[in-house]
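Each remark here refers to the structure printed beneath this line.
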Amino acid sequence: MTADQLTQPEPTRRRVIEIFLGGGLLASFASFLYPVLRYLVPPAVADLGGDEVVAAKLAELKPNSSKIFRFGSRPGLLIMNSDGTYRALSATCTHLGCTVQYRNDLRQVWCACHNGIYDLGGRNVSGPPPRPLDVFDVHLRGDEIVVSRKREA
Amino acid sequence: MFATLRHWLDERLDWDDLTAPLRHKTVPNHRLSYWYFLGGITLFLFVVQVLTGILLLLYYRAGANEAFESVQYIMTQVRFGWLIRSIHSWSANLMIFTAFAHMFSVLFLKAYRKPRELTWVSGVLLLFLVMGFGFSGYLLPWNTLAFFATKVGTEITGQVPIVGKPMMIFLRGGEDVTGATLTRFFGFHVAVLPGVATLMILLHLLLVQRLGMSIPPKLEVQWTANPSAKREMKFFPNFLLRELMAWYVGLGVLGALAAIFPWNLGVKADPFVPAPAGIKPEWYFLFMFQTLKLIPSKVWFVDGEVLGVLAFGLVGLLWILLPFFESDQPSRTKGWITGLAVFALVYIAGMSVYGHLAK
Amino acid sequence: MAILRNKLRPFSAARYVGLVGSVVLAACLGYGQTKNSCLDCHSALPDPLGVSQEKFSQDVHAQKGLTCASCHGGDPTSDDPDKAMSRKAGWKGKIDRKQIPQLCGSCHSDPAYIRQFNPSLRTDQLGQYRTSVHGKRFAAGDTKVAVCTDCHSVHDLRAPSDPRSTVNPVNVASTCARCHADANYMKGYSIPTDQFAKYSTSVHHDALAVRGDLSAPTCSTCHGNHGAAPPGVDKVQNVCSNCHTFQDQMYEKSSHKVAFQAASLPGCVVCHSNHGISHPTDAKLGTGPDAVCMQCHSPGDSCDQARAGLLSSLSQLDEAIKGADHILGVAESSGMEVSEARLGQDQARDSLTKARVTIHSFRKELVDQDIQAGLKIAAKNLQSGKEAMVERNHRRVGLGISLIAIGIVLAGLRLYIKKIES
């Protein structure tokens, strides 16, 4: 402590410390409260259960076309059949894990990597895939197409 | 303004009388005074847990199909969700650490002695409760590690003769660890344990308040012989301000840990995949886990694991009752509890390190 | 069973029926082993005459109700060895190696007979065998070549679908290798004996044995089984294309198809080899030890330039994917959630896999279509990684600010305590 400070009148010094401490407390509370307040605001993206996902909107697909959607950490394939019904499959090829696609000319699911072909039920029809694709359930909820994992009986 | 408010309260609640014990409370001032902070820090971390826990409840959903995803949602979508969850996880671990440290400081400073036996009992029960918080909370994100750690942990409970199996089924909510287990653990973690722990903390604090701070025996002898050497500090505001500094340091440490090492989420639990190799419980259960692993599979006619579980149960019970084994009369054998404490500390630290390094 | 007995031993079968009369019904239902004296002695005899009940009960024929006598003849109902093994009772003794295909074929080439047991089982094995290298040599009097029992084993012959069967897909290679990897045994035949050793190092073996993909090829997938023969130089492409259809379509239209055909080169095998086929890497297009192009092409010509162009396209995407992977890895290890971009990386990798298939067209513009698609995805993922790193830095700045506030409070408290205690 310097002589200068010691000569300061006592109440002033105390006041300075109080302001310094008070300011610090306010600043620190602000830095704690800010994240909490931001946390309380619900995010724009609604949370869905892990076993289902909104794959598309109702108007999004034309008959005999398809869309790749994200299902958990893997891609899924939503297909609209010519008759307007929907089906959903895992889009991960069982051969080497490429993403499969719907061929509207063949009406089959096709993996471009090694020409693996699955039928619309997910069964491996030709080419290298060793196993069928997983099949998911599709429901309509309002104008949303909801895909969910098949429940074990 | 504060003065008016205080006057208003005093008129109605007899505020000054109510807070008198706090104002008159003193804390002994000596070179070991720093250890008095540990209990307060643990309490502070408990409050942090309650607050962040309530925040997490806004978005968390229990259930095998949703728990992992909701925690993932908190970590990725909710603004500062990562911070809240990471602080909750780090604070939990630090709280268990400070609770252990607090317990050993009490042992070494002989603060458990008459008349503070009940404070010790409530403290050890609180430590068990805190470990229960850790065990139940660990499962809630429903990731692979937690799933298998819970499986192993509840399996060990099942080893206890006669009551073990029903206890395991009670904990698991069935024969196996499933979504039902998650629901139960969630209930324990956010309702049962907090209620019991809050009551126990109030009891603990009441006892501390009634009995005053303990003074290490040697110092007490000196101070009784020479009252002028006695040094004390007022609890309010002197000690409390210092405690406040410790809390702020704790906050800084928590914030830094959470921001630099956010608690990771792992991979969603899948009951149908084989357990990953070398599954281990959280570090605070590691010394027990490792001990159970080291016990031979058969000791005489008894199954080794059963023996281990029973031994830990017995040790835990004796540990609660530890102060009652020390006789009142000053005698030469009084040092044995310090020896035991040193042994326990070395054993727990050694086994934890061994368990951490062992495959 | 009665039919079989009639077929092989009409006389003894008549006697059998006469002797045991009432048990015939049970015999027809497959419970007919009222008495099989063969095993009484043969289960106690040492090899090669020993066949235990335990071993024989594993045999698919035994499970279908056939007995020793079904192949060896004789009278199993008699305890007298002389009677049981009398030529009069149709006893054949050890089946001469020269007779084995014919003996097996007597049932297995008879659709009407086989249909009773398994209507979908083929009955052309013997016919196929006669067209195989084994069968042709066998007909020419070479008894060293494989006959039915060499591959299918005998007395404990299991259905091919049984994983313990010598002809189950996972065991085929080692079954063939029993002869084909034995340099001593194969002396006199002018073919190499390293096929099994090479196959064991191949990507196909890896898929079958390590990854457990039962659709992965083993010896018989390319060579045939009963009609086993090398596919032939100009037919290699047809064999490979059974699985590698897409590569086949590309190659079919490429300049190499014409050139290889003109030079009588074995298509796919020219670059990929056959038994020891390894997982192809981009180095095949390089100039290093694994490079294949420069075996025919000379440095600096237009093909060499095209090769370099293809290689650089592939490496460009590979590098882009690795770059994005790296930054995503750093972001992940500092606690950032980048699973969305990680998922996107799989699509970029798809494009690379696809480009590697398109290489078989040997046309850069086709390959570059896949490469560009992949590069675009990888660039997007790289951007996500960078954004995650920016977010990480924001967190640290936020932490810094709150730590400063905490520091001010601590300093203030320290001064305040000093003040009130002075």
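Identifiers in the structure tokens: chain A, B, ... in order shown; residue index from 1 per chain; ligand index from 1 in order shown.
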
Could you list, as a PDB file with C-alpha atoms, in the first residue's frame, the residues of chain C having an atom within 7 Å of chain B when counting only C-alpha atoms?
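And here is the file that came out, part15.pdb:
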ATOM      1  CA  SER C 334     -13.297 -30.179 -27.842  1.00  0.00           C
ATOM      2  CA  GLY C 335     -16.862 -31.157 -27.084  1.00  0.00           C
ATOM      3  CA  GLU C 337     -21.595 -31.650 -31.434  1.00  0.00           C
ATOM      4  CA  ARG C 395     -17.447 -20.397 -25.623  1.00  0.00           C
ATOM      5  CA  ARG C 396     -13.930 -19.633 -24.545  1.00  0.00           C
ATOM      6  CA  LEU C 399     -15.704 -18.186 -20.245  1.00  0.00           C
ATOM      7  CA  LEU C 403     -13.742 -15.486 -15.263  1.00  0.00           C
ATOM      8  CA  ILE C 406     -15.238 -13.754 -10.941  1.00  0.00           C
ATOM      9  CA  LEU C 410     -12.487 -12.295  -5.591  1.00  0.00           C
ATOM     10  CA  LEU C 413     -13.829  -9.623  -1.440  1.00  0.00           C
ATOM     11  CA  ILE C 417     -12.259  -8.473   4.203  1.00  0.00           C
TER      12      ILE C 417
END

Checklist entry - Which residue, B:His189, B:His30, B:His88, B:Lys110, has the smallest gap to Val130 in chain B when you use only C-alpha atoms? => result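 For Val130 in chain B, the nearest of the candidates is B:His189.
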
Next on the checklist: I want to know what sits within 10 Å of Asp176 in chain B, based on only C-alpha atoms, with residues of the same chain fewer than 3 positions away left out; could you give that as a ChimeraX atom specification?
Outcome noted: /B:151,154-155,168-169,171-173,179-181,271

Next on the checklist: At a cut-off of 7 Å, using only C-alpha atoms, what residues contact range 210-223 of chain C? Leave out same-chain residues fewer than 2 positions from it and give the result as an NGL selection string.
Outcome noted: (:A and (130)) or (:C and (169 or 172-173 or 204 or 206-208 or 225 or 228-231 or 239))

Per residue of chain A within 10 Å of chain C, record the nearest atom pair and its distance in Å to one decimal, counting only C-alpha atoms, with rows in chain order and ascending residue number, as a tab-separated table.
residue	atom	partner	partner_atom	distance
A:Glu10	CA	C:Lys419	CA	9.7
A:Arg13	CA	C:Lys419	CA	9.0
A:Arg14	CA	C:Lys419	CA	7.2
A:Val16	CA	C:Gly412	CA	9.8
A:Ile17	CA	C:Tyr416	CA	6.4
A:Glu18	CA	C:Tyr416	CA	7.3
A:Ile19	CA	C:Gly412	CA	8.9
A:Phe20	CA	C:Gly412	CA	6.0
A:Leu21	CA	C:Gly412	CA	4.4
A:Gly22	CA	C:Val409	CA	7.9
A:Gly23	CA	C:Val409	CA	8.1
A:Gly24	CA	C:Val409	CA	4.7
A:Leu25	CA	C:Val409	CA	5.8
A:Leu26	CA	C:Ala405	CA	8.5
A:Ala27	CA	C:Ala405	CA	5.6
A:Ser28	CA	C:Ala405	CA	4.8
A:Phe29	CA	C:Ala405	CA	8.6
A:Ala30	CA	C:Ser402	CA	8.6
A:Ser31	CA	C:Ser402	CA	5.4
A:Phe32	CA	C:Ser402	CA	7.6
A:Pro35	CA	C:Gly398	CA	9.7
A:Arg70	CA	C:Leu343	CA	8.7
A:Gly72	CA	C:Ser339	CA	9.5
A:Ser73	CA	C:Leu343	CA	6.5
A:Arg74	CA	C:Leu343	CA	6.7
A:Pro75	CA	C:Leu343	CA	7.9
A:Thr92	CA	C:Asp346	CA	9.9
A:His95	CA	C:Asp213	CA	9.0
A:Leu96	CA	C:Thr353	CA	9.4
A:Gly97	CA	C:Asp350	CA	8.2
A:Cys98	CA	C:Asp350	CA	5.3
A:Thr99	CA	C:Asp350	CA	6.8
A:Val100	CA	C:Asp350	CA	9.6
A:Cys111	CA	C:Lys354	CA	9.6
A:Ala112	CA	C:Lys354	CA	6.6
A:Cys113	CA	C:Lys354	CA	4.7
A:His114	CA	C:Phe246	CA	5.6
A:Asn115	CA	C:Phe246	CA	5.3
A:Gly116	CA	C:Thr245	CA	8.4
A:Ser126	CA	C:Cys243	CA	8.0
A:Gly127	CA	C:Cys243	CA	5.0
A:Pro128	CA	C:Cys243	CA	5.4
A:Pro129	CA	C:Ser215	CA	8.2
A:Pro130	CA	C:Ser215	CA	6.0
A:Arg131	CA	C:Asp213	CA	9.0

Checklist entry - Could you list, as a ChimeraX atom specification, every residue of chain B that has an atom within 10 Å of an atom of chain A, counting only C-alpha atoms? => result /B:52,55-56,58-59,61,63-70,72-74,77-84,248,251,255

For those residues, write C-alpha atoms to a file as a PDB file, in the first residue's frame.
ATOM      1  CA  THR B  52     -28.717 -26.920 -12.815  1.00  0.00           C
ATOM      2  CA  LEU B  55     -32.856 -26.412 -15.466  1.00  0.00           C
ATOM      3  CA  LEU B  56     -32.111 -29.787 -17.037  1.00  0.00           C
ATOM      4  CA  LEU B  58     -37.022 -28.428 -18.463  1.00  0.00           C
ATOM      5  CA  TYR B  59     -35.839 -30.487 -21.427  1.00  0.00           C
ATOM      6  CA  ARG B  61     -37.300 -36.811 -20.697  1.00  0.00           C
ATOM      7  CA  GLY B  63     -37.524 -43.243 -21.159  1.00  0.00           C
ATOM      8  CA  ALA B  64     -35.371 -45.668 -23.081  1.00  0.00           C
ATOM      9  CA  ASN B  65     -36.462 -44.202 -26.397  1.00  0.00           C
ATOM     10  CA  GLU B  66     -36.144 -40.577 -25.475  1.00  0.00           C
ATOM     11  CA  ALA B  67     -33.551 -40.042 -22.769  1.00  0.00           C
ATOM     12  CA  PHE B  68     -30.485 -40.090 -24.987  1.00  0.00           C
ATOM     13  CA  GLU B  69     -32.141 -37.954 -27.633  1.00  0.00           C
ATOM     14  CA  SER B  70     -33.341 -35.380 -25.136  1.00  0.00           C
ATOM     15  CA  GLN B  72     -28.501 -34.768 -27.189  1.00  0.00           C
ATOM     16  CA  TYR B  73     -31.090 -32.078 -27.796  1.00  0.00           C
ATOM     17  CA  ILE B  74     -29.968 -30.238 -24.689  1.00  0.00           C
ATOM     18  CA  GLN B  77     -30.093 -27.405 -29.834  1.00  0.00           C
ATOM     19  CA  VAL B  78     -30.798 -25.640 -26.563  1.00  0.00           C
ATOM     20  CA  ARG B  79     -28.765 -22.462 -26.153  1.00  0.00           C
ATOM     21  CA  PHE B  80     -26.165 -23.010 -23.435  1.00  0.00           C
ATOM     22  CA  GLY B  81     -27.613 -26.457 -22.828  1.00  0.00           C
ATOM     23  CA  TRP B  82     -24.096 -27.840 -23.137  1.00  0.00           C
ATOM     24  CA  LEU B  83     -23.006 -25.470 -20.352  1.00  0.00           C
ATOM     25  CA  ILE B  84     -25.793 -26.400 -17.972  1.00  0.00           C
ATOM     26  CA  TYR B 248     -16.474 -18.033  -6.464  1.00  0.00           C
ATOM     27  CA  LEU B 251     -17.700 -21.345  -9.880  1.00  0.00           C
ATOM     28  CA  GLY B 255     -17.156 -22.809 -15.721  1.00  0.00           C
TER      29      GLY B 255
END

Checklist entry - Quick one: DSSP helix (DSSP H, G or I) residues in range 7-84 of chain B, as number ranges by chain? => result B: 7-13, 15-24, 33-57, 67-76, 81-84

Output C-alpha atoms for every residue in that selection, as a short mmCIF file (atom, residue, chain, number, x, y, z; two decimals), in the first residue's frame.
data_model
loop_
_atom_site.label_atom_id
_atom_site.label_comp_id
_atom_site.auth_asym_id
_atom_site.auth_seq_id
_atom_site.Cartn_x
_atom_site.Cartn_y
_atom_site.Cartn_z
CA HIS B 7 -36.54 -3.02 10.60
CA TRP B 8 -39.73 -4.16 8.90
CA LEU B 9 -38.70 -7.81 9.17
CA ASP B 10 -37.49 -7.40 12.72
CA GLU B 11 -40.87 -6.00 13.76
CA ARG B 12 -42.71 -8.97 12.36
CA LEU B 13 -40.36 -11.94 12.61
CA TRP B 15 -35.35 -11.01 12.75
CA ASP B 16 -32.49 -9.93 14.96
CA ASP B 17 -33.26 -12.64 17.46
CA LEU B 18 -33.59 -15.17 14.67
CA THR B 19 -30.22 -14.34 13.21
CA ALA B 20 -28.50 -13.86 16.53
CA PRO B 21 -26.90 -17.32 16.53
CA LEU B 22 -25.31 -16.54 13.19
CA ARG B 23 -24.03 -13.21 14.37
CA HIS B 24 -22.63 -14.68 17.54
CA SER B 33 -8.78 -23.27 9.49
CA TYR B 34 -8.77 -23.83 5.75
CA TRP B 35 -10.29 -27.28 6.23
CA TYR B 36 -13.42 -25.65 7.62
CA PHE B 37 -14.24 -24.48 4.09
CA LEU B 38 -14.74 -27.95 2.64
CA GLY B 39 -18.18 -28.54 4.08
CA GLY B 40 -19.34 -25.18 2.80
CA ILE B 41 -17.95 -25.88 -0.66
CA THR B 42 -19.75 -29.20 -0.75
CA LEU B 43 -22.96 -27.46 0.26
CA PHE B 44 -22.41 -24.84 -2.44
CA LEU B 45 -21.89 -27.56 -5.08
CA PHE B 46 -25.08 -29.22 -3.87
CA VAL B 47 -26.94 -25.97 -4.48
CA VAL B 48 -25.37 -25.75 -7.95
CA GLN B 49 -26.61 -29.31 -8.56
CA VAL B 50 -30.14 -28.45 -7.48
CA LEU B 51 -30.26 -25.35 -9.69
CA THR B 52 -28.72 -26.92 -12.81
CA GLY B 53 -30.75 -30.07 -12.18
CA ILE B 54 -33.98 -28.06 -12.22
CA LEU B 55 -32.86 -26.41 -15.47
CA LEU B 56 -32.11 -29.79 -17.04
CA LEU B 57 -35.56 -31.00 -16.06
CA ALA B 67 -33.55 -40.04 -22.77
CA PHE B 68 -30.48 -40.09 -24.99
CA GLU B 69 -32.14 -37.95 -27.63
CA SER B 70 -33.34 -35.38 -25.14
CA VAL B 71 -29.84 -35.04 -23.65
CA GLN B 72 -28.50 -34.77 -27.19
CA TYR B 73 -31.09 -32.08 -27.80
CA ILE B 74 -29.97 -30.24 -24.69
CA MET B 75 -26.35 -30.49 -25.80
CA THR B 76 -26.90 -29.36 -29.39
CA GLY B 81 -27.61 -26.46 -22.83
CA TRP B 82 -24.10 -27.84 -23.14
CA LEU B 83 -23.01 -25.47 -20.35
CA ILE B 84 -25.79 -26.40 -17.97
#

Item to check | Within 10 Å of Leu106 in chain A using only C-alpha atoms, minus same-chain residues under 3 positions, as a ChimeraX atom specification | outcome: /A:102-103,109-110,117,119

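Distances from B:Tyr347, B:Phe133, B:Ile96, B:Gly339 to Gly195 in chain B were compared using only C-alpha atoms, and the smallest one belongs to B:Phe133.
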
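The two atoms in question, CA of Ala331 in chain C and CA of Asn393 in chain C, are spaced 10.5 Å apart.
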
Item to check | Counting only C-alpha atoms, the residue of C:Lys386, C:Arg137, C:Arg392, C:His152 that sits nearest Asp325 in chain C | outcome: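 Nearest candidate to Asp325 in chain C out of C:Lys386, C:Arg137, C:Arg392, C:His152: C:Lys386.
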
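Between CA of Leu311 in chain C and CA of Asn238 in chain C there is a distance of 26.9 Å.
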
Next on the checklist: Applying 9 Å and only C-alpha atoms, which residues near range 137-148 of chain A remain after dropping the ones on its own chain fewer than 3 positions away? List them as an MDAnalysis selection string.
Outcome noted: chainID A and resid 50:59 71 78 86:89 151

Could I get the residues of range 81-185 of chain B with an atom no further than 9 Å from an atom of range 307-311 of chain B, each paired with its nearest atom pair and that distance in Å to one decimal, using only C-alpha atoms, sorted by chain and residue number, as JSON lines?
{"residue": "B:Ile156", "atom": "CA", "partner": "B:Val309", "partner_atom": "CA", "distance": 7.3}
{"residue": "B:Thr157", "atom": "CA", "partner": "B:Val309", "partner_atom": "CA", "distance": 7.7}
{"residue": "B:Gln159", "atom": "CA", "partner": "B:Val309", "partner_atom": "CA", "distance": 7.1}
{"residue": "B:Val160", "atom": "CA", "partner": "B:Val309", "partner_atom": "CA", "distance": 6.5}
{"residue": "B:Pro161", "atom": "CA", "partner": "B:Leu310", "partner_atom": "CA", "distance": 8.6}

Print the selection's residues with N, CA and C atoms to a file, as an mmCIF file, in the first residue's frame.
data_model
loop_
_atom_site.group_PDB
_atom_site.id
_atom_site.type_symbol
_atom_site.label_atom_id
_atom_site.label_comp_id
_atom_site.auth_asym_id
_atom_site.auth_seq_id
_atom_site.Cartn_x
_atom_site.Cartn_y
_atom_site.Cartn_z
ATOM 1 N N ILE B 156 -24.023 -56.403 -8.760
ATOM 2 C CA ILE B 156 -23.279 -56.566 -7.507
ATOM 3 C C ILE B 156 -24.252 -56.543 -6.328
ATOM 4 N N THR B 157 -25.238 -55.651 -6.387
ATOM 5 C CA THR B 157 -26.260 -55.622 -5.330
ATOM 6 C C THR B 157 -26.926 -56.991 -5.213
ATOM 7 N N GLN B 159 -25.759 -59.770 -5.442
ATOM 8 C CA GLN B 159 -24.926 -60.812 -4.841
ATOM 9 C C GLN B 159 -25.230 -61.009 -3.359
ATOM 10 N N VAL B 160 -25.789 -59.982 -2.736
ATOM 11 C CA VAL B 160 -26.054 -60.074 -1.304
ATOM 12 C C VAL B 160 -26.997 -61.247 -1.053
ATOM 13 N N PRO B 161 -26.663 -62.111 -0.072
ATOM 14 C CA PRO B 161 -27.539 -63.265 0.170
ATOM 15 C C PRO B 161 -28.937 -62.812 0.610
#

Item to check | Closest of C:Pro81, C:Gly323, C:Gly286, C:Gly141 to Arg97 in chain C - atom-to-atom distances counting only C-alpha atoms | outcome: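 The shortest atom-to-atom distance to Arg97 in chain C comes from C:Gly141.
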
Checklist entry - So which one's closest to His155 in chain C, C:Gly127, C:Gly224, C:Pro119, C:Gly50? Using only C-alpha atoms, please. => result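 Among the listed residues, the smallest separation from His155 in chain C belongs to C:Gly50.
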
Next on the checklist: With only C-alpha atoms as the counted atoms, please give the residues lying no more than 6 Å from His226 in chain C, apart from itself and same-chain residues fewer than 4 positions off, as a ChimeraX atom specification.
Outcome noted: /C:125,128-129

Produce a file of the selected residues containing C-alpha atoms, as a compact mmCIF listing (two decimals), in the first residue's frame.
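Generated output (selection-v1.txt):
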# COMPACT_ATOMS: atom_id res chain seq x y z
CA GLN C 125 -24.24 -83.25 -60.25
CA GLN C 128 -21.81 -81.63 -64.35
CA TYR C 129 -18.99 -83.63 -62.87

Next on the checklist: When you count only C-alpha atoms, which of these residues is closest to Leu317 in chain B: B:Pro166, B:Leu125, B:Val196, B:Gln222?
Outcome noted: B:Leu125
